[in-house]
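**Student:** Take this structure first; my questions come after.
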Amino acid sequence: MGRTYATKVDWWIGLILIFTVTVVVGSALPFFLGPPALSPPGLVIGLLCLAIAVWTGRIPYNTNYEIGQTELTIRSAGFRWRIPFSTIVDVFPTHNPLSSPACSLDRLRVNYRNGKGRTRFVLISPRQKEEFLRDLAVAVSELEPDGDGLVRVENFDAQ
């Protein structure tokens, strides 16, 4: 398949990111314009603040979810999660505010089993949630619609 979905961005999360970038850039300016500007520590601190600002500002643009041939790949802020289709237990809507690779509270919770058989989860917020769920159900034949989400029809204990 190989379809990639952009993250949905809530207006207030975008506002928080803009505020954060503004504060960090504002914090860096004195190190470039003030007396410590030419000192190595001042330059390092200023460059570090600018790097953090750029990294933070790019989060909504580089957060995406790809339904590949055999796995769901989630990318955000330089991090990547790879969830093999065979490990996905279920997917359902949530508004859980926990930190996650999602820029909206209109989220999907993806429950999956790790290598030790423990159930883990990741929260995502694809902009086209219904299309994402439909395409994931097509890619993973063991996942069937169940209300607003998807559930695995095969039993993990049989494996």
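Chain identifiers are assigned as A, B, and so on, following the order in which chains appear in the structure tokens; residues are numbered from 1 within each chain, and ligands are numbered from 1 in order of appearance.
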Within chain A, find each residue whose DSSP state, derived from the backbone, is strand (DSSP E), and express the selection as a PyMOL selection string.

**Tutor:** chain A and resi 3-6+64-67+71-76+79-84+88-94+107-113+119-124+143-146+149-152

**Student:** Give me, as a list of chain:residue names, all polymer residues having an atom no more than 9 Å from Arg113 (chain A), counting only C-alpha atoms and skipping those fewer than 2 positions away in the same chain.

**Tutor:**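 With the cut-off at 9 Å, the set is A:Ile83, A:Ser86, A:Thr87, A:Ile88, A:Val89, A:Asn111, A:Gly115, A:Lys116, A:Gly117, A:Arg118, A:Thr119, A:Arg120, A:Phe121.
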
**Student:** Could you write out that same residue set with N, CA and C atoms as a PDB file, in the first residue's frame?

**Tutor:**
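result.pdb was written with the following content:
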```pdb
ATOM      1  N   ILE A  83       5.269  -0.701  13.851  1.00  0.00           N
ATOM      2  CA  ILE A  83       4.368  -1.672  14.470  1.00  0.00           C
ATOM      3  C   ILE A  83       3.947  -2.679  13.411  1.00  0.00           C
ATOM      4  N   SER A  86       0.946  -7.785  12.265  1.00  0.00           N
ATOM      5  CA  SER A  86       0.600  -9.011  12.992  1.00  0.00           C
ATOM      6  C   SER A  86       0.487  -8.789  14.493  1.00  0.00           C
ATOM      7  N   THR A  87       0.981  -7.645  15.003  1.00  0.00           N
ATOM      8  CA  THR A  87       0.947  -7.390  16.445  1.00  0.00           C
ATOM      9  C   THR A  87      -0.191  -6.475  16.865  1.00  0.00           C
ATOM     10  N   ILE A  88      -0.902  -5.878  15.905  1.00  0.00           N
ATOM     11  CA  ILE A  88      -1.972  -4.939  16.246  1.00  0.00           C
ATOM     12  C   ILE A  88      -3.172  -5.694  16.805  1.00  0.00           C
ATOM     13  N   VAL A  89      -3.624  -5.289  17.988  1.00  0.00           N
ATOM     14  CA  VAL A  89      -4.758  -5.919  18.662  1.00  0.00           C
ATOM     15  C   VAL A  89      -6.054  -5.218  18.272  1.00  0.00           C
ATOM     16  N   ASN A 111      -3.532  -0.331  19.939  1.00  0.00           N
ATOM     17  CA  ASN A 111      -3.014  -1.318  20.887  1.00  0.00           C
ATOM     18  C   ASN A 111      -2.296  -2.407  20.101  1.00  0.00           C
ATOM     19  N   GLY A 115       7.282  -7.790  21.675  1.00  0.00           N
ATOM     20  CA  GLY A 115       7.925  -9.097  21.533  1.00  0.00           C
ATOM     21  C   GLY A 115       7.737 -10.014  22.723  1.00  0.00           C
ATOM     22  N   LYS A 116       7.423  -9.456  23.901  1.00  0.00           N
ATOM     23  CA  LYS A 116       7.231 -10.257  25.108  1.00  0.00           C
ATOM     24  C   LYS A 116       5.764 -10.595  25.344  1.00  0.00           C
ATOM     25  N   GLY A 117       4.896 -10.228  24.371  1.00  0.00           N
ATOM     26  CA  GLY A 117       3.480 -10.534  24.488  1.00  0.00           C
ATOM     27  C   GLY A 117       2.686  -9.526  25.313  1.00  0.00           C
ATOM     28  N   ARG A 118       3.351  -8.478  25.778  1.00  0.00           N
ATOM     29  CA  ARG A 118       2.650  -7.442  26.546  1.00  0.00           C
ATOM     30  C   ARG A 118       1.957  -6.474  25.602  1.00  0.00           C
ATOM     31  N   THR A 119       0.789  -6.021  26.011  1.00  0.00           N
ATOM     32  CA  THR A 119       0.064  -5.054  25.195  1.00  0.00           C
ATOM     33  C   THR A 119       0.589  -3.654  25.479  1.00  0.00           C
ATOM     34  N   ARG A 120       0.945  -2.958  24.417  1.00  0.00           N
ATOM     35  CA  ARG A 120       1.410  -1.568  24.466  1.00  0.00           C
ATOM     36  C   ARG A 120       0.459  -0.754  23.608  1.00  0.00           C
ATOM     37  N   PHE A 121       0.589   0.578  23.666  1.00  0.00           N
ATOM     38  CA  PHE A 121      -0.239   1.407  22.801  1.00  0.00           C
ATOM     39  C   PHE A 121       0.505   2.666  22.388  1.00  0.00           C
TER      40      PHE A 121
END
```

**Student:** List the spatial neighbours of Val140 (chain A) as a list in words - criterion: any atom at most 12 Å away, only C-alpha atoms, same-chain residues fewer than 5 positions off excluded.

**Tutor:**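 Returned residues: Met1, Ile67, Gly68, Gln69, Thr70, Glu71, Leu72, Pro84, Phe85, Ser86, Thr87, Ile88, Val89, Asp90, Val91, Phe132, Leu133, Arg134, Asp135, Pro145, Leu150, Val151, Arg152, Val153 and Glu154 of chain A.
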
**Student:** I'd like the neighbourhood of Ala6 (chain A) as a list in words, where a residue qualifies if any of its atoms comes within 6 Å (using only C-alpha atoms), though same-chain residues fewer than 4 positions away should be ignored.

**Tutor:**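 Using only C-alpha atoms, the neighbours found are Asn64, Pro126 and Arg127 of chain A.
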
**Student:** Please identify every residue of region 43-110 of chain A that has at least one atom no farther than 7 Å from an atom of region 12-18 of chain A, counting only C-alpha atoms, and for each give the shortest atom pair and the distance in Å to one decimal, arranged by chain then increasing number, as CSV.

**Tutor:**
```
residue,atom,partner,partner_atom,distance
A:Thr56,CA,A:Leu17,CA,6.8
A:Gly57,CA,A:Leu17,CA,6.3
A:Cys103,CA,A:Ile13,CA,6.5
```

**Student:** Would you put the residues from that selection into a file with C-alpha atoms, as a CSV table (one decimal), in the first residue's frame?

**Tutor:**
```
chain,number,residue,atom,x,y,z
A,56,THR,CA,9.8,22.2,17.9
A,57,GLY,CA,8.4,24.2,15.0
A,103,CYS,CA,-0.9,17.0,17.3
```

**Student:** For a quick check of understanding, using only C-alpha atoms, which of A:Gly2, A:Arg58, A:Asp148, A:Pro93 has the smallest distance to Leu105 (chain A)?

**Tutor:**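 Closest to Leu105 (chain A), using only C-alpha atoms: A:Pro93.
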
**Student:** Might you pull out every residue within 10 Å of Pro97 (chain A), with only C-alpha atoms counted and same-chain residues fewer than 5 positions away left off, and present them as a PyMOL selection string?

**Tutor:** chain A and resi 102+104-107+123

**Student:** Using only C-alpha atoms, pick whichever of A:Gly26, A:Gly147, A:Pro101, A:Pro41 has the shortest atom-to-atom distance to Thr63 (chain A).

**Tutor:** A:Pro101

**Student:** Enumerate the residues of region 94-132 of chain A with a DSSP assignment of alpha helix (DSSP H), computed from the backbone, and present them as a PDB file with C-alpha atoms, in the first residue's frame.

**Tutor:**
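Written file, states.pdb:
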```
ATOM      1  CA  LYS A 129      -9.218   9.308  10.394  1.00  0.00           C
ATOM      2  CA  GLU A 130     -11.985   7.371   8.599  1.00  0.00           C
ATOM      3  CA  GLU A 131      -9.822   6.813   5.498  1.00  0.00           C
ATOM      4  CA  PHE A 132      -6.943   5.721   7.716  1.00  0.00           C
TER       5      PHE A 132
END
```

**Student:** What's the 7 Å shell around region 49-54 of chain A, counting only C-alpha atoms, without same-chain residues fewer than 5 positions away, as an MDAnalysis selection string?

**Tutor:** chainID A and resid 21 24:25 28

**Student:** Could you work out how far CA of Leu29 (chain A) lies from CA of Asn62 (chain A), giving the answer in Å with one decimal?

**Tutor:**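 Computing the Euclidean distance for CA of Asn62 (chain A) and CA of Leu29 (chain A) yields 26.0 Å.
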
**Student:** At what distance in Å, to one decimal, does CA of Ile124 (chain A) lie from CA of Ile74 (chain A)?

**Tutor:** 8.2 Å

**Student:** For CA of Leu43 (chain A) and CA of Phe79 (chain A), determine how far apart the two atoms are, in Å to one decimal place.

**Tutor:** 27.2 Å

**Student:** Rank nothing, just name the residue among A:Pro30, A:Thr7, A:Gly78, A:Pro40 nearest to Leu108 (chain A), using only C-alpha atoms.

**Tutor:**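 Answer, going by the shortest atom-to-atom distance: A:Thr7.
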